[in-house]
file run00.cif (mmCIF, C-alpha atoms; chains and numbers go by the auth columns)
data_data
#
loop_
_atom_site.group_PDB
_atom_site.id
_atom_site.type_symbol
_atom_site.label_atom_id
_atom_site.label_comp_id
_atom_site.label_asym_id
_atom_site.label_seq_id
_atom_site.Cartn_x
_atom_site.Cartn_y
_atom_site.Cartn_z
_atom_site.B_iso_or_equiv
_atom_site.auth_seq_id
_atom_site.auth_asym_id
ATOM 1 C CA SER A 1 104.366 116.128 116.578 0.00 1 J
ATOM 2 C CA GLN A 2 105.217 113.803 119.442 0.00 2 J
ATOM 3 C CA GLU A 3 108.113 112.674 121.564 0.00 3 J
ATOM 4 C CA GLY A 4 110.148 109.878 120.010 0.00 4 J
ATOM 5 C CA GLU A 5 111.319 106.765 121.805 0.00 5 J
ATOM 6 C CA THR A 6 114.533 108.487 122.882 0.00 6 J
ATOM 7 C CA GLU A 7 114.785 111.548 125.111 0.00 7 J
ATOM 8 C CA GLY A 8 115.142 114.701 123.035 0.00 8 J
ATOM 9 C CA LEU A 9 114.014 113.100 119.767 0.00 9 J
ATOM 10 C CA VAL A 10 110.817 114.671 118.401 0.00 10 J
ATOM 11 C CA VAL A 11 109.015 113.120 115.429 0.00 11 J
ATOM 12 C CA GLU A 12 106.781 115.366 113.331 0.00 12 J
ATOM 13 C CA LEU A 13 104.358 114.176 110.686 0.00 13 J
ATOM 14 C CA THR A 14 104.325 117.116 108.257 0.00 14 J
ATOM 15 C CA GLY A 15 102.117 115.755 105.474 0.00 15 J
ATOM 16 C CA LEU A 16 99.939 112.852 104.367 0.00 16 J
ATOM 17 C CA LYS A 17 98.291 113.440 100.993 0.00 17 J
ATOM 18 C CA ARG A 18 96.777 111.459 98.123 0.00 18 J
ATOM 19 C CA THR A 19 98.781 112.107 94.949 0.00 19 J
ATOM 20 C CA ALA A 20 98.706 111.200 91.257 0.00 20 J
ATOM 21 C CA GLY A 21 98.888 107.562 90.273 0.00 21 J
ATOM 22 C CA GLY A 22 96.975 106.217 93.274 0.00 22 J
ATOM 23 C CA PHE A 23 99.562 107.008 95.938 0.00 23 J
ATOM 24 C CA VAL A 24 99.738 108.609 99.337 0.00 24 J
ATOM 25 C CA THR A 25 102.849 110.702 99.962 0.00 25 J
ATOM 26 C CA MET A 26 103.991 111.112 103.548 0.00 26 J
ATOM 27 C CA ALA A 27 106.519 113.674 104.785 0.00 27 J
ATOM 28 C CA PHE A 28 107.982 113.624 108.271 0.00 28 J
ATOM 29 C CA ARG A 29 110.847 115.041 110.272 0.00 29 J
ATOM 30 C CA TYR A 30 113.072 113.952 113.136 0.00 30 J
ATOM 31 C CA ARG A 31 114.271 116.808 115.391 0.00 31 J
ATOM 32 C CA ASN A 32 116.813 116.701 118.163 0.00 32 J
ATOM 33 C CA THR A 33 115.532 118.944 120.939 0.00 33 J
ATOM 34 C CA GLY A 34 117.871 117.466 123.521 0.00 34 J
ATOM 35 C CA ALA A 35 121.120 118.936 124.782 0.00 35 J
ATOM 36 C CA ASN A 36 123.208 116.028 123.482 0.00 36 J
ATOM 37 C CA PRO A 37 123.756 114.820 119.901 0.00 37 J
ATOM 38 C CA TYR A 38 121.457 112.010 118.770 0.00 38 J
ATOM 39 C CA THR A 39 122.865 109.212 116.605 0.00 39 J
ATOM 40 C CA PHE A 40 120.356 107.142 114.653 0.00 40 J
ATOM 41 C CA PRO A 41 120.587 103.375 114.976 0.00 41 J
ATOM 42 C CA HIS A 42 122.240 101.518 112.120 0.00 42 J
ATOM 43 C CA ALA A 43 119.079 100.731 110.151 0.00 43 J
ATOM 44 C CA PRO A 44 117.282 102.014 107.064 0.00 44 J
ATOM 45 C CA LEU A 45 114.526 103.986 108.806 0.00 45 J
ATOM 46 C CA VAL A 46 112.122 105.093 106.100 0.00 46 J
ATOM 47 C CA ARG A 47 111.630 101.704 104.471 0.00 47 J
ATOM 48 C CA ASN A 48 110.234 100.435 107.792 0.00 48 J
ATOM 49 C CA ALA A 49 107.425 103.016 107.904 0.00 49 J
ATOM 50 C CA TYR A 50 103.875 101.896 107.131 0.00 50 J
ATOM 51 C CA LEU A 51 100.242 103.014 107.154 0.00 51 J
ATOM 52 C CA LEU A 52 97.550 101.003 108.893 0.00 52 J
ATOM 53 C CA ASP A 53 93.940 101.177 107.716 0.00 53 J
ATOM 54 C CA SER A 54 92.223 99.677 110.746 0.00 54 J
ATOM 55 C CA LYS A 55 88.744 100.052 109.184 0.00 55 J
ATOM 56 C CA ASN A 56 89.656 97.704 106.298 0.00 56 J
ATOM 57 C CA ARG A 57 92.303 95.791 108.279 0.00 57 J
ATOM 58 C CA GLN A 58 95.067 96.578 105.748 0.00 58 J
ATOM 59 C CA LYS A 59 98.720 97.460 106.192 0.00 59 J
ATOM 60 C CA TYR A 60 100.348 99.626 103.480 0.00 60 J
ATOM 61 C CA GLU A 61 104.111 99.312 103.208 0.00 61 J
ATOM 62 C CA VAL A 62 106.413 101.702 101.324 0.00 62 J
ATOM 63 C CA ALA A 63 105.766 101.270 97.575 0.00 63 J
ATOM 64 C CA LEU A 64 108.344 99.765 95.192 0.00 64 J
ATOM 65 C CA ASP A 65 109.384 100.996 91.742 0.00 65 J
ATOM 66 C CA ARG A 66 109.808 98.644 88.783 0.00 66 J
ATOM 67 C CA ASN A 67 113.365 97.865 89.965 0.00 67 J
ATOM 68 C CA GLN A 68 112.015 96.804 93.367 0.00 68 J
ATOM 69 C CA GLN A 69 113.540 99.883 95.029 0.00 69 J
ATOM 70 C CA ARG A 70 111.565 101.584 97.799 0.00 70 J
ATOM 71 C CA LEU A 71 109.979 104.938 96.882 0.00 71 J
ATOM 72 C CA CYS A 72 111.259 106.888 99.862 0.00 72 J
ATOM 73 C CA SER A 73 114.074 109.030 101.188 0.00 73 J
ATOM 74 C CA GLU A 74 117.343 107.159 101.031 0.00 74 J
ATOM 75 C CA THR A 75 118.558 106.430 104.543 0.00 75 J
ATOM 76 C CA LEU A 76 121.000 103.672 103.735 0.00 76 J
ATOM 77 C CA ASN A 77 123.728 106.164 104.682 0.00 77 J
ATOM 78 C CA PHE A 78 122.485 105.716 108.256 0.00 78 J
ATOM 79 C CA SER A 79 124.289 102.379 108.211 0.00 79 J
ATOM 80 C CA PHE A 80 127.754 103.927 108.054 0.00 80 J
ATOM 81 C CA PRO A 81 129.868 102.780 111.001 0.00 81 J
ATOM 82 C CA ASP A 82 129.137 105.905 113.028 0.00 82 J
ATOM 83 C CA GLY A 83 125.519 106.352 111.853 0.00 83 J
ATOM 84 C CA VAL A 84 124.027 109.792 111.217 0.00 84 J
ATOM 85 C CA THR A 85 124.086 112.239 114.078 0.00 85 J
ATOM 86 C CA LEU A 86 121.808 115.208 114.676 0.00 86 J
ATOM 87 C CA LYS A 87 123.346 117.874 116.857 0.00 87 J
ATOM 88 C CA SER A 88 121.141 119.677 119.342 0.00 88 J
ATOM 89 C CA GLY A 89 118.613 121.756 117.377 0.00 89 J
ATOM 90 C CA GLU A 90 119.175 119.956 114.057 0.00 90 J
ATOM 91 C CA SER A 91 116.535 118.064 112.087 0.00 91 J
ATOM 92 C CA ILE A 92 116.213 115.770 109.088 0.00 92 J
ATOM 93 C CA THR A 93 113.145 115.681 106.816 0.00 93 J
ATOM 94 C CA LEU A 94 112.207 112.434 105.053 0.00 94 J
ATOM 95 C CA TRP A 95 109.417 111.159 102.774 0.00 95 J
ATOM 96 C CA ALA A 96 107.799 107.949 101.521 0.00 96 J
ATOM 97 C CA LYS A 97 105.118 106.888 99.004 0.00 97 J
ATOM 98 C CA PHE A 98 102.478 104.242 99.652 0.00 98 J
ATOM 99 C CA ALA A 99 99.727 102.671 97.554 0.00 99 J
ATOM 100 C CA ALA A 100 96.614 104.704 98.381 0.00 100 J
ATOM 101 C CA PRO A 101 93.922 103.095 100.502 0.00 101 J
ATOM 102 C CA PRO A 102 90.374 103.103 99.074 0.00 102 J
ATOM 103 C CA GLU A 103 88.812 106.545 98.666 0.00 103 J
ATOM 104 C CA SER A 104 86.392 105.641 101.483 0.00 104 J
ATOM 105 C CA THR A 105 89.351 105.483 103.894 0.00 105 J
ATOM 106 C CA LYS A 106 89.694 108.989 105.311 0.00 106 J
ATOM 107 C CA THR A 107 92.118 108.291 108.185 0.00 107 J
ATOM 108 C CA VAL A 108 94.979 105.877 108.854 0.00 108 J
ATOM 109 C CA ASN A 109 97.403 105.148 111.649 0.00 109 J
ATOM 110 C CA VAL A 110 100.957 106.148 110.714 0.00 110 J
ATOM 111 C CA HIS A 111 103.810 104.030 112.032 0.00 111 J
ATOM 112 C CA LEU A 112 107.281 105.575 111.888 0.00 112 J
ATOM 113 C CA PRO A 113 110.467 104.064 113.291 0.00 113 J
ATOM 114 C CA LEU A 114 111.537 105.426 116.677 0.00 114 J
ATOM 115 C CA ALA A 115 108.089 106.879 117.454 0.00 115 J
ATOM 116 C CA PRO A 116 104.769 105.800 118.912 0.00 116 J
ATOM 117 C CA PRO A 117 102.015 105.465 116.281 0.00 117 J
ATOM 118 C CA PHE A 118 100.243 108.576 115.016 0.00 118 J
ATOM 119 C CA ASP A 119 96.607 107.447 115.295 0.00 119 J
ATOM 120 C CA ASP A 120 93.673 108.539 113.128 0.00 120 J
ATOM 121 C CA VAL A 121 95.620 110.834 110.792 0.00 121 J
ATOM 122 C CA ALA A 122 93.462 112.392 108.071 0.00 122 J
ATOM 123 C CA ILE A 123 94.608 111.790 104.487 0.00 123 J
ATOM 124 C CA ALA A 124 94.513 115.095 102.593 0.00 124 J
ATOM 125 C CA GLY A 125 93.475 115.288 98.954 0.00 125 J
ATOM 126 C CA SER A 126 91.018 113.124 97.089 0.00 126 J
ATOM 127 C CA GLY A 127 90.819 110.708 94.216 0.00 127 J
ATOM 128 C CA ALA A 128 93.154 108.012 93.066 0.00 128 J
ATOM 129 C CA GLY A 129 95.045 110.309 90.683 0.00 129 J
ATOM 130 C CA SER A 130 95.690 109.666 87.021 0.00 130 J
ATOM 131 C CA GLU A 131 95.169 106.168 85.700 0.00 131 J
ATOM 132 C CA GLY A 132 98.267 104.347 84.524 0.00 132 J
ATOM 133 C CA ALA A 133 100.718 106.694 86.248 0.00 133 J
ATOM 134 C CA GLY A 134 101.374 104.056 88.880 0.00 134 J
ATOM 135 C CA SER A 135 101.768 101.163 86.475 0.00 135 J
ATOM 136 C CA ALA A 136 105.522 101.014 87.023 0.00 136 J
ATOM 137 C CA VAL A 137 105.194 100.834 90.774 0.00 137 J
ATOM 138 C CA ALA A 138 103.944 98.278 93.245 0.00 138 J
ATOM 139 C CA GLY A 139 102.628 98.867 96.726 0.00 139 J
ATOM 140 C CA SER A 140 102.438 96.153 99.300 0.00 140 J
ATOM 141 C CA VAL A 141 99.134 95.743 101.090 0.00 141 J
ATOM 142 C CA VAL A 142 99.072 93.110 103.774 0.00 142 J
ATOM 143 C CA GLY A 143 95.858 91.896 105.392 0.00 143 J
ATOM 144 C CA LEU A 144 96.142 92.090 109.174 0.00 144 J
ATOM 145 C CA ASP A 145 94.838 88.568 109.646 0.00 145 J
ATOM 146 C CA ALA A 146 97.589 87.207 107.371 0.00 146 J
ATOM 147 C CA ALA A 147 100.230 89.354 109.066 0.00 147 J
ATOM 148 C CA LEU A 148 99.148 88.162 112.515 0.00 148 J
ATOM 149 C CA LYS A 149 99.218 84.546 111.323 0.00 149 J
ATOM 150 C CA GLU A 150 102.810 85.062 110.087 0.00 150 J
ATOM 151 C CA LEU A 151 103.779 86.408 113.515 0.00 151 J
ATOM 152 C CA ALA A 152 102.359 83.450 115.412 0.00 152 J
ATOM 153 C CA GLY A 153 105.199 81.708 117.155 0.00 153 J
ATOM 154 C CA ALA A 154 107.688 84.498 116.429 0.00 154 J
ATOM 155 C CA PRO A 155 110.118 85.273 119.252 0.00 155 J
ATOM 156 C CA VAL A 156 109.227 88.314 121.355 0.00 156 J
ATOM 157 C CA ALA A 157 112.014 90.522 122.671 0.00 157 J
ATOM 158 C CA GLY A 158 111.823 91.293 126.377 0.00 158 J
ATOM 159 C CA MET A 159 111.637 94.808 127.707 0.00 159 J
#

call {"tool": "encode", "arguments": {"input": "run00.cif", "output": "C-alpha cells"}}
result
Amino acid sequence: SQEGETEGLVVELTGLKRTAGGFVTMAFRYRNTGANPYTFPHAPLVRNAYLLDSKNRQKYEVALDRNQQRLCSETLNFSFPDGVTLKSGESITLWAKFAAPPESTKTVNVHLPLAPPFDDVAIAGSGAGSEGAGSAVAGSVVGLDAALKELAGAPVAGM
C-alpha cells in the first residue's frame, strides 16, 4: 500500500501470483481516504499497468486474448464524460494478467497508473502452469533497450 499521486488516493497491491497457462495475475485496489470525492482521469487505467523485470531487462504489458482484447478489468467506463468518482471511504478493486517472467525471476517492479512504482515485489506461486492453456493469448514483452531507443527524441512534458 502506498500513497497515490493525488492527495487522499491510496493504491494497494493485493496480489501478484503465477497462474495456469504461464501467466501472472495481479490484483490491486484504489481507495479514497481523503475527505473529498476523487474522480479518475478520463483514461483506461488498467491497460496501462505493466511489470518490469529489471534483472532480465524486460517489460511485461497486459496480455491480449485472441481477439486482441486486454486481459484485465474493464475501465473503459472511466472515459464517460464525468469519469468514475470514488466518494470518501470508497474503493475499487481491479485486476490484470501478464505473460509470466522466467521461473528464475522471483521479483518484479509493478507500475500502476496514478502511483509510484512498487519495487521488488515477490511473485507468489511457482511454475509456468499448464502447457497450451495460454495458446489463445499473447503477452507483450518489450526489451528495455528497444523501449529506450523508441523513446529517444520523444517530447518530455514539463513539471

call {"tool": "atom_distance", "arguments": {"input": "run00.cif", "atom1": "CA of Gln2 (chain J)", "atom2": "CA of Ile123 (chain J)"}}
result
18.4 Å

call {"tool": "resolve_selection", "arguments": {"input": "run00.cif", "expression": "the PyMOL selection byres ((chain J and resi 95) around 10)", "output": "PyMOL selection string"}}
result
chain J and resi 13-16+25-29+46-47+49+71-74+93-94+96-97

call {"tool": "residues_near_point", "arguments": {"input": "run00.cif", "point": "(127.5, 113.4, 113.9)", "cutoff": "10 Å", "atoms": "all atoms listed in the file", "output": "PDB file with C-alpha atoms, in the coordinates of the input"}}
result
ATOM      1  CA  PRO J  37     123.756 114.820 119.901  1.00  0.00           C
ATOM      2  CA  TYR J  38     121.457 112.010 118.770  1.00  0.00           C
ATOM      3  CA  THR J  39     122.865 109.212 116.605  1.00  0.00           C
ATOM      4  CA  PHE J  40     120.356 107.142 114.653  1.00  0.00           C
ATOM      5  CA  ASP J  82     129.137 105.905 113.028  1.00  0.00           C
ATOM      6  CA  GLY J  83     125.519 106.352 111.853  1.00  0.00           C
ATOM      7  CA  VAL J  84     124.027 109.792 111.217  1.00  0.00           C
ATOM      8  CA  THR J  85     124.086 112.239 114.078  1.00  0.00           C
ATOM      9  CA  LEU J  86     121.808 115.208 114.676  1.00  0.00           C
ATOM     10  CA  LYS J  87     123.346 117.874 116.857  1.00  0.00           C
TER      11      LYS J  87
END

call {"tool": "resolve_selection", "arguments": {"input": "run00.cif", "expression": "the PyMOL selection byres ((chain J and resi 109-121) around 6)", "output": "list in words"}}
result
Gly4, Glu5, Ala49, Tyr50, Leu51, Leu52, Thr107, Val108 and Ala122 of chain J

call {"tool": "write_last_selection", "arguments": {"input": "run00.cif", "atoms": "C-alpha atoms", "output": "JSON list (two decimals), keeping the file's coordinate frame"}}
result
[["chain", "number", "residue", "atom", "x", "y", "z"],
["J", 4, "GLY", "CA", 110.15, 109.88, 120.01],
["J", 5, "GLU", "CA", 111.32, 106.76, 121.80],
["J", 49, "ALA", "CA", 107.42, 103.02, 107.90],
["J", 50, "TYR", "CA", 103.88, 101.90, 107.13],
["J", 51, "LEU", "CA", 100.24, 103.01, 107.15],
["J", 52, "LEU", "CA", 97.55, 101.00, 108.89],
["J", 107, "THR", "CA", 92.12, 108.29, 108.18],
["J", 108, "VAL", "CA", 94.98, 105.88, 108.85],
["J", 122, "ALA", "CA", 93.46, 112.39, 108.07]]

call {"tool": "atom_distance", "arguments": {"input": "run00.cif", "atom1": "CA of Asn56 (chain J)", "atom2": "CA of Ala20 (chain J)"}}
result
22.1 Å

call {"tool": "resolve_selection", "arguments": {"input": "run00.cif", "expression": "the PyMOL selection byres ((chain J and resi 88) around 9)", "output": "list of chain:residue names"}}
result
J:Gly8, J:Arg31, J:Asn32, J:Thr33, J:Gly34, J:Ala35, J:Asn36, J:Pro37, J:Tyr38, J:Leu86, J:Lys87, J:Gly89, J:Glu90, J:Ser91

call {"tool": "atom_distance", "arguments": {"input": "run00.cif", "atom1": "CA of Ile92 (chain J)", "atom2": "CA of Val24 (chain J)"}}
result
20.4 Å

call {"tool": "closest_residue", "arguments": {"input": "run00.cif", "among": "J:Asn67, J:Asn48, J:Gln58, J:Thr6", "to": "Ala100 (chain J)", "atoms": "all atoms listed in the file"}}
result
J:Gln58

call {"tool": "closest_residue", "arguments": {"input": "run00.cif", "among": "J:Ala99, J:Glu3, J:Arg18, J:Ser104", "to": "Lys59 (chain J)", "atoms": "only C-alpha atoms"}}
result
J:Ala99

call {"tool": "closest_residue", "arguments": {"input": "run00.cif", "among": "J:Ser126, J:Thr19, J:Pro101, J:Gln69", "to": "Lys55 (chain J)", "atoms": "all atoms listed in the file"}}
result
J:Pro101

call {"tool": "closest_residue", "arguments": {"input": "run00.cif", "among": "J:Pro41, J:Pro102, J:Gly22, J:Glu7", "to": "Arg57 (chain J)", "atoms": "all atoms listed in the file"}}
result
J:Pro102
